[in-house]
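Raw contents of run30.tsv, TSV, C-alpha atoms:
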```
chain	number	residue	atom	x	y	z
T	4	MET	CA	-2.23	23.10	-4.12
T	5	PHE	CA	-5.39	24.68	-5.49
T	6	PHE	CA	-5.94	21.75	-7.86
T	7	LYS	CA	-5.77	19.22	-5.00
T	8	THR	CA	-8.18	21.24	-2.84
T	9	TYR	CA	-10.59	21.69	-5.75
T	10	SER	CA	-10.39	17.97	-6.61
T	11	TYR	CA	-11.05	17.01	-3.00
T	12	LEU	CA	-14.10	19.28	-2.71
T	13	LYS	CA	-15.47	17.86	-5.94
T	14	PHE	CA	-14.79	14.35	-4.60
T	15	LEU	CA	-16.68	15.10	-1.35
T	16	ILE	CA	-19.75	16.24	-3.27
T	17	LYS	CA	-19.85	13.05	-5.39
T	18	SER	CA	-18.79	10.54	-2.73
T	19	GLN	CA	-20.90	8.43	-0.40
T	20	ASN	CA	-20.42	6.34	2.70
T	21	GLN	CA	-21.76	2.84	3.39
T	22	HIS	CA	-25.41	3.98	3.30
T	23	GLY	CA	-26.99	3.32	-0.05
T	24	LEU	CA	-24.43	0.76	-1.24
T	25	HIS	CA	-26.11	-2.15	-3.01
T	26	SER	CA	-23.02	-4.32	-3.34
T	27	PRO	CA	-22.53	-6.72	-0.40
T	28	PHE	CA	-18.84	-7.09	-1.28
T	29	VAL	CA	-18.19	-3.33	-1.19
T	30	TYR	CA	-20.45	-2.81	1.83
T	31	ASP	CA	-18.50	-5.41	3.84
T	32	PHE	CA	-15.19	-3.92	2.74
T	33	ILE	CA	-16.29	-0.42	3.74
T	34	THR	CA	-17.88	-1.29	7.09
T	35	LYS	CA	-15.54	-4.07	8.26
T	36	GLY	CA	-12.35	-2.77	6.74
T	37	LEU	CA	-12.20	0.88	5.79
T	38	TYR	CA	-14.36	2.28	8.61
T	39	GLN	CA	-12.81	0.22	11.41
T	40	GLN	CA	-11.36	2.41	14.15
T	41	LYS	CA	-8.90	-0.18	15.41
T	42	ILE	CA	-5.84	-0.46	13.19
T	43	LYS	CA	-3.73	-3.58	13.40
T	44	ASN	CA	0.01	-3.02	13.25
T	45	ASN	CA	1.43	-3.92	9.87
T	46	ASP	CA	5.10	-4.59	9.17
T	47	LEU	CA	4.61	-4.06	5.44
T	48	LEU	CA	4.51	-0.30	5.94
T	49	ASP	CA	8.28	-0.29	6.47
T	50	LEU	CA	8.80	-0.88	2.75
T	51	ASN	CA	10.73	1.77	0.81
T	52	GLU	CA	8.00	2.04	-1.84
T	53	LEU	CA	5.55	3.27	0.81
T	54	LYS	CA	7.79	5.87	2.49
T	55	ASN	CA	6.31	8.80	0.50
T	56	LEU	CA	2.72	8.15	1.53
T	57	SER	CA	1.01	10.62	3.86
T	58	LYS	CA	-0.22	9.58	7.30
T	59	LYS	CA	-3.82	9.41	6.03
T	60	GLN	CA	-2.73	7.26	3.08
T	61	LEU	CA	-0.81	4.91	5.37
T	62	ILE	CA	-3.88	4.45	7.56
T	63	ILE	CA	-6.10	3.66	4.57
T	64	PHE	CA	-3.43	1.41	3.07
T	65	THR	CA	-3.10	-0.52	6.35
T	66	LYS	CA	-6.87	-1.01	6.59
T	67	ILE	CA	-7.00	-2.38	3.03
T	68	VAL	CA	-4.10	-4.77	3.64
T	69	ASN	CA	-5.58	-5.96	6.95
T	70	TYR	CA	-9.11	-6.46	5.62
T	71	PHE	CA	-8.00	-8.62	2.68
T	72	GLU	CA	-5.30	-10.32	4.81
T	73	ILE	CA	-2.57	-9.54	2.30
T	74	ASN	CA	0.83	-10.92	3.29
T	75	HIS	CA	2.82	-9.76	0.29
T	76	ILE	CA	2.52	-6.55	-1.72
T	77	ASN	CA	3.64	-6.57	-5.33
T	78	PHE	CA	5.23	-3.48	-6.78
T	79	ASP	CA	6.09	-5.19	-10.05
T	80	VAL	CA	3.47	-6.18	-12.62
T	81	ASN	CA	5.22	-9.42	-13.60
T	82	SER	CA	5.39	-10.84	-10.06
T	83	PHE	CA	1.76	-9.84	-9.55
T	84	ILE	CA	0.55	-11.79	-12.58
T	85	LYS	CA	2.63	-14.90	-11.84
T	86	ASN	CA	1.24	-15.29	-8.32
T	87	LYS	CA	-1.56	-17.88	-8.75
T	88	ASN	CA	-2.35	-18.98	-5.17
T	89	LYS	CA	-5.79	-18.52	-3.59
T	90	ALA	CA	-4.80	-15.66	-1.28
T	91	TYR	CA	-5.53	-12.06	-2.23
T	92	LYS	CA	-2.80	-10.46	-4.33
T	93	LEU	CA	-2.21	-6.72	-4.23
T	94	LEU	CA	-0.39	-4.66	-6.82
T	95	PHE	CA	0.54	-1.18	-5.61
T	96	THR	CA	1.52	1.24	-8.35
T	97	LYS	CA	1.90	4.93	-9.05
T	98	ASP	CA	2.81	4.33	-12.68
T	99	LEU	CA	-0.36	3.72	-14.66
T	100	SER	CA	1.62	3.07	-17.83
T	101	SER	CA	2.93	-0.18	-16.27
T	102	LEU	CA	-0.63	-1.52	-16.29
T	103	LYS	CA	-0.63	-1.59	-20.10
T	104	ASN	CA	1.37	-4.83	-19.92
T	105	ILE	CA	-1.35	-6.69	-18.02
T	106	ASN	CA	-3.77	-9.09	-19.67
T	107	PHE	CA	-6.77	-8.17	-17.51
T	108	LYS	CA	-8.73	-11.21	-18.71
T	109	SER	CA	-6.27	-13.48	-16.89
T	110	LEU	CA	-6.94	-11.83	-13.51
T	111	ASN	CA	-9.47	-13.25	-11.06
T	112	SER	CA	-11.34	-12.15	-7.96
T	113	HIS	CA	-8.20	-12.51	-5.80
T	114	HIS	CA	-6.31	-9.84	-7.75
T	115	ILE	CA	-6.48	-6.25	-6.47
T	116	ILE	CA	-4.79	-3.25	-8.03
T	117	LEU	CA	-4.21	-0.25	-5.76
T	118	ILE	CA	-3.29	2.93	-7.60
T	119	ASP	CA	-1.81	5.99	-5.94
T	120	THR	CA	-2.38	9.55	-7.27
T	121	ILE	CA	-5.42	8.81	-9.43
T	122	TYR	CA	-6.40	12.47	-9.55
T	123	GLN	CA	-3.09	13.35	-11.19
T	124	HIS	CA	-3.81	10.78	-13.92
T	125	LYS	CA	-7.53	11.38	-14.38
T	126	LYS	CA	-7.76	10.26	-18.04
T	127	GLU	CA	-5.83	7.03	-17.45
T	128	TRP	CA	-7.90	6.28	-14.33
T	129	GLN	CA	-11.10	6.80	-16.34
T	130	LYS	CA	-9.86	4.34	-18.99
T	131	LEU	CA	-9.26	1.74	-16.27
T	132	ILE	CA	-12.75	2.29	-14.85
T	133	ASN	CA	-14.20	1.67	-18.31
T	134	LEU	CA	-12.36	-1.63	-18.82
T	135	GLN	CA	-14.85	-4.47	-19.15
T	136	ASP	CA	-12.77	-6.82	-16.97
T	137	ALA	CA	-12.46	-4.32	-14.10
T	138	THR	CA	-15.81	-5.16	-12.55
T	139	VAL	CA	-15.52	-3.20	-9.30
T	140	THR	CA	-13.64	0.09	-9.12
T	141	ILE	CA	-13.50	2.25	-6.02
T	142	ASP	CA	-12.33	5.86	-5.86
T	143	LEU	CA	-11.09	6.65	-2.34
T	144	PHE	CA	-9.55	9.98	-3.44
T	145	TYR	CA	-6.18	8.97	-2.02
T	146	PHE	CA	-6.20	5.66	-3.90
T	147	GLY	CA	-8.06	3.90	-6.65
T	148	LEU	CA	-8.92	0.23	-6.20
T	149	ILE	CA	-9.64	-2.19	-9.04
T	150	PHE	CA	-11.20	-5.62	-8.48
T	151	PHE	CA	-11.76	-8.33	-11.08
T	152	ARG	CA	-14.78	-10.10	-9.64
T	153	LYS	CA	-16.40	-12.16	-12.40
T	154	GLU	CA	-19.34	-12.94	-10.10
T	155	GLN	CA	-20.35	-9.28	-9.78
T	156	VAL	CA	-21.94	-6.73	-12.06
T	157	LYS	CA	-19.66	-3.92	-13.21
T	158	GLU	CA	-19.92	-0.91	-10.87
T	159	HIS	CA	-17.90	2.14	-9.92
T	160	PHE	CA	-18.01	3.58	-6.40
T	161	ILE	CA	-16.82	6.88	-4.99
T	162	ILE	CA	-16.37	6.28	-1.27
T	163	ARG	CA	-15.41	8.68	1.51
T	164	PRO	CA	-12.58	7.04	3.50
```
In structure tokens, how does this file's structure come out?
Amino acid sequence: MFFKTYSYLKFLIKSQNQHGLHSPFVYDFITKGLYQQKIKNNDLLDLNELKNLSKKQLIIFTKIVNYFEINHINFDVNSFIKNKNKAYKLLFTKDLSSLKNINFKSLNSHHIILIDTIYQHKKEWQKLINLQDATVTIDLFYFGLIFFRKEQVKEHFIIRP
């Protein structure tokens, strides 16, 4: 319990809100998605893989899914990679070791990886941030987001949800 409280306080000191963001993509996501008060109902939250999330995590998860208009959530790396349509694709994982099987160079700007419990896997999360192909990474404390936007400069953000 102490570790989580300490990690959260450290996160609050380092984190920022939408002010001072120089990335239009991240700014839009934060202001039009993450900071929206109105939450649309989402049937995807009835999935067994999401039952262990806290209420705060479910709210953040719903806002992410709604903003990117995600209709299907992948929990398996193989189905995530095979999906080649133009819609956004989301991979939700708690197991960072499963990401070792991904060829990150094959992912495009429609692929999003959402990682739960990044503060319990700090070293692995840091390795993912440092990947050259992971151009935009966002630390939301509750989740880590990885985007593969070839059209954007590599940046890491620590955002208060």
With a cut-off of 10 Å, could you pull out the residues of segment 52-85 of chain T touching segment 107-119 of chain T and give me the nearest pair of atoms for each, distance in Å to one decimal, using only C-alpha atoms, ordered by chain and ascending number, as a Markdown table?
```
| residue | atom | partner | partner_atom | distance |
| --- | --- | --- | --- | --- |
| T:Leu56 | CA | T:Asp119 | CA | 9.0 |
| T:Gln60 | CA | T:Asp119 | CA | 9.2 |
| T:Phe64 | CA | T:Leu117 | CA | 9.0 |
| T:Ile67 | CA | T:Leu117 | CA | 9.5 |
| T:Phe71 | CA | T:His113 | CA | 9.3 |
| T:Asn77 | CA | T:Ile116 | CA | 9.5 |
| T:Val80 | CA | T:Ile116 | CA | 9.9 |
| T:Phe83 | CA | T:His114 | CA | 8.3 |
| T:Ile84 | CA | T:Leu110 | CA | 7.5 |
```
| How far is it from atom CA of Ile76 of chain T to atom CA of Leu94 of chain T, in Å with one decimal? | 6.2 Å
| request: Do a neighbour search on Tyr145 of chain T at 12 Å with all atoms listed in the file, toss out local chain neighbours closer than 4 positions, and write the hits as a PyMOL selection string. | output: chain T and resi 7+10-11+14+56-64+97+117-123+141+161-164
Would you mind exporting the chosen residues as a PDB file, in the frame of the given file, restricted to C-alpha atoms?
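Wrote result.pdb, looks like this:
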```
ATOM      1  CA  LYS T   7      -5.770  19.220  -5.000  1.00  0.00           C
ATOM      2  CA  SER T  10     -10.390  17.970  -6.610  1.00  0.00           C
ATOM      3  CA  TYR T  11     -11.050  17.010  -3.000  1.00  0.00           C
ATOM      4  CA  PHE T  14     -14.790  14.350  -4.600  1.00  0.00           C
ATOM      5  CA  LEU T  56       2.720   8.150   1.530  1.00  0.00           C
ATOM      6  CA  SER T  57       1.010  10.620   3.860  1.00  0.00           C
ATOM      7  CA  LYS T  58      -0.220   9.580   7.300  1.00  0.00           C
ATOM      8  CA  LYS T  59      -3.820   9.410   6.030  1.00  0.00           C
ATOM      9  CA  GLN T  60      -2.730   7.260   3.080  1.00  0.00           C
ATOM     10  CA  LEU T  61      -0.810   4.910   5.370  1.00  0.00           C
ATOM     11  CA  ILE T  62      -3.880   4.450   7.560  1.00  0.00           C
ATOM     12  CA  ILE T  63      -6.100   3.660   4.570  1.00  0.00           C
ATOM     13  CA  PHE T  64      -3.430   1.410   3.070  1.00  0.00           C
ATOM     14  CA  LYS T  97       1.900   4.930  -9.050  1.00  0.00           C
ATOM     15  CA  LEU T 117      -4.210  -0.250  -5.760  1.00  0.00           C
ATOM     16  CA  ILE T 118      -3.290   2.930  -7.600  1.00  0.00           C
ATOM     17  CA  ASP T 119      -1.810   5.990  -5.940  1.00  0.00           C
ATOM     18  CA  THR T 120      -2.380   9.550  -7.270  1.00  0.00           C
ATOM     19  CA  ILE T 121      -5.420   8.810  -9.430  1.00  0.00           C
ATOM     20  CA  TYR T 122      -6.400  12.470  -9.550  1.00  0.00           C
ATOM     21  CA  GLN T 123      -3.090  13.350 -11.190  1.00  0.00           C
ATOM     22  CA  ILE T 141     -13.500   2.250  -6.020  1.00  0.00           C
ATOM     23  CA  ILE T 161     -16.820   6.880  -4.990  1.00  0.00           C
ATOM     24  CA  ILE T 162     -16.370   6.280  -1.270  1.00  0.00           C
ATOM     25  CA  ARG T 163     -15.410   8.680   1.510  1.00  0.00           C
ATOM     26  CA  PRO T 164     -12.580   7.040   3.500  1.00  0.00           C
TER      27      PRO T 164
END
```
| request: Work out how far apart atom CA of Val139 of chain T and atom CA of Asp98 of chain T are and give it in Å to one decimal. | output: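 Result for atom CA of Val139 of chain T versus atom CA of Asp98 of chain T: 20.1 Å, one decimal.
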| task | Tell me, in Å to one decimal, how far atom CA of Lys153 of chain T is from atom CA of Lys92 of chain T. | result |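 Pair atom CA of Lys153 of chain T / atom CA of Lys92 of chain T returns 15.9 Å.
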| task | Measuring atom to atom with all atoms listed in the file, identify which of T:Ile16, T:Val68, T:Ile73, T:Leu131 is nearest to Leu99 of chain T. | result |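 Using all atoms listed in the file, Leu99 of chain T sits closest to T:Leu131.
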| Out of T:Leu53, T:Glu127, T:Gln40, T:Ser26, which residue has the shortest atom-to-atom distance to Lys157 of chain T when counting only C-alpha atoms? |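 With only C-alpha atoms as the atom set, the closest residue is T:Ser26.
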| query | Looking at only C-alpha atoms, which of T:Asn106, T:Thr65, T:Thr138, T:Gly36 is the one that sits closest to Asp49 of chain T? | reply |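 Distance minimum relative to Asp49 of chain T lands on T:Thr65.
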Add whatever atoms are absent from segment 116-152 of chain T to reach N, CA and C atoms, and provide the output as a short mmCIF file (atom, residue, chain, number, x, y, z; two decimals), keeping the file's coordinate frame.
```cif
data_model
loop_
_atom_site.label_atom_id
_atom_site.label_comp_id
_atom_site.auth_asym_id
_atom_site.auth_seq_id
_atom_site.Cartn_x
_atom_site.Cartn_y
_atom_site.Cartn_z
N ILE T 116 -5.76 -4.27 -7.63
CA ILE T 116 -4.79 -3.25 -8.03
C ILE T 116 -5.11 -1.99 -7.24
N LEU T 117 -4.09 -1.47 -6.56
CA LEU T 117 -4.21 -0.25 -5.76
C LEU T 117 -3.35 0.81 -6.42
N ILE T 118 -3.98 1.89 -6.85
CA ILE T 118 -3.29 2.93 -7.60
C ILE T 118 -3.23 4.21 -6.77
N ASP T 119 -2.03 4.74 -6.65
CA ASP T 119 -1.81 5.99 -5.94
C ASP T 119 -1.93 7.14 -6.94
N THR T 120 -2.30 8.30 -6.48
CA THR T 120 -2.38 9.55 -7.27
C THR T 120 -3.30 9.43 -8.49
N ILE T 121 -4.51 8.94 -8.29
CA ILE T 121 -5.42 8.81 -9.43
C ILE T 121 -5.91 10.15 -9.94
N TYR T 122 -5.92 11.17 -9.10
CA TYR T 122 -6.40 12.47 -9.55
C TYR T 122 -5.35 13.22 -10.37
N GLN T 123 -4.11 12.77 -10.33
CA GLN T 123 -3.09 13.35 -11.19
C GLN T 123 -3.08 12.68 -12.56
N HIS T 124 -3.74 11.54 -12.66
CA HIS T 124 -3.81 10.78 -13.92
C HIS T 124 -5.27 10.49 -14.23
N LYS T 125 -6.08 11.52 -14.27
CA LYS T 125 -7.53 11.38 -14.38
C LYS T 125 -7.96 10.62 -15.65
N LYS T 126 -7.36 10.92 -16.79
CA LYS T 126 -7.76 10.26 -18.04
C LYS T 126 -7.42 8.78 -18.03
N GLU T 127 -6.23 8.44 -17.52
CA GLU T 127 -5.83 7.03 -17.45
C GLU T 127 -6.71 6.27 -16.46
N TRP T 128 -7.03 6.90 -15.32
CA TRP T 128 -7.90 6.28 -14.33
C TRP T 128 -9.28 6.02 -14.93
N GLN T 129 -9.79 6.96 -15.70
CA GLN T 129 -11.10 6.80 -16.34
C GLN T 129 -11.08 5.64 -17.34
N LYS T 130 -9.99 5.47 -18.06
CA LYS T 130 -9.86 4.34 -18.99
C LYS T 130 -9.90 3.01 -18.23
N LEU T 131 -9.25 2.96 -17.07
CA LEU T 131 -9.26 1.74 -16.27
C LEU T 131 -10.66 1.44 -15.72
N ILE T 132 -11.38 2.47 -15.33
CA ILE T 132 -12.75 2.29 -14.85
C ILE T 132 -13.61 1.69 -15.95
N ASN T 133 -13.39 2.11 -17.18
CA ASN T 133 -14.20 1.67 -18.31
C ASN T 133 -13.84 0.29 -18.84
N LEU T 134 -12.73 -0.29 -18.38
CA LEU T 134 -12.36 -1.63 -18.82
C LEU T 134 -13.45 -2.63 -18.46
N GLN T 135 -13.80 -3.49 -19.38
CA GLN T 135 -14.85 -4.47 -19.15
C GLN T 135 -14.48 -5.46 -18.05
N ASP T 136 -13.21 -5.83 -17.95
CA ASP T 136 -12.77 -6.82 -16.97
C ASP T 136 -12.65 -6.26 -15.55
N ALA T 137 -12.53 -4.96 -15.42
CA ALA T 137 -12.46 -4.32 -14.10
C ALA T 137 -13.89 -4.15 -13.60
N THR T 138 -14.39 -5.16 -12.89
CA THR T 138 -15.81 -5.16 -12.55
C THR T 138 -16.16 -4.23 -11.40
N VAL T 139 -15.26 -4.10 -10.42
CA VAL T 139 -15.52 -3.20 -9.30
C VAL T 139 -14.36 -2.22 -9.20
N THR T 140 -14.66 -0.94 -9.30
CA THR T 140 -13.64 0.09 -9.12
C THR T 140 -14.12 1.02 -8.01
N ILE T 141 -13.16 1.40 -7.16
CA ILE T 141 -13.50 2.25 -6.02
C ILE T 141 -12.54 3.43 -6.01
N ASP T 142 -13.09 4.62 -5.98
CA ASP T 142 -12.33 5.86 -5.86
C ASP T 142 -12.37 6.27 -4.40
N LEU T 143 -11.21 6.25 -3.73
CA LEU T 143 -11.09 6.65 -2.34
C LEU T 143 -10.39 8.01 -2.21
N PHE T 144 -10.28 8.74 -3.29
CA PHE T 144 -9.55 9.98 -3.44
C PHE T 144 -8.05 9.78 -3.31
N TYR T 145 -7.61 9.19 -2.23
CA TYR T 145 -6.18 8.97 -2.02
C TYR T 145 -5.67 7.81 -2.87
N PHE T 146 -6.54 6.85 -3.12
CA PHE T 146 -6.20 5.66 -3.90
C PHE T 146 -7.37 5.29 -4.80
N GLY T 147 -7.04 4.55 -5.83
CA GLY T 147 -8.06 3.90 -6.65
C GLY T 147 -7.88 2.40 -6.50
N LEU T 148 -8.96 1.69 -6.34
CA LEU T 148 -8.92 0.23 -6.20
C LEU T 148 -9.63 -0.40 -7.39
N ILE T 149 -9.03 -1.45 -7.94
CA ILE T 149 -9.64 -2.19 -9.04
C ILE T 149 -9.74 -3.65 -8.64
N PHE T 150 -10.94 -4.21 -8.76
CA PHE T 150 -11.20 -5.62 -8.48
C PHE T 150 -11.69 -6.29 -9.75
N PHE T 151 -11.40 -7.56 -9.89
CA PHE T 151 -11.76 -8.33 -11.08
C PHE T 151 -12.68 -9.47 -10.69
N ARG T 152 -13.83 -9.13 -10.16
CA ARG T 152 -14.78 -10.10 -9.64
C ARG T 152 -15.76 -10.50 -10.74
#
```
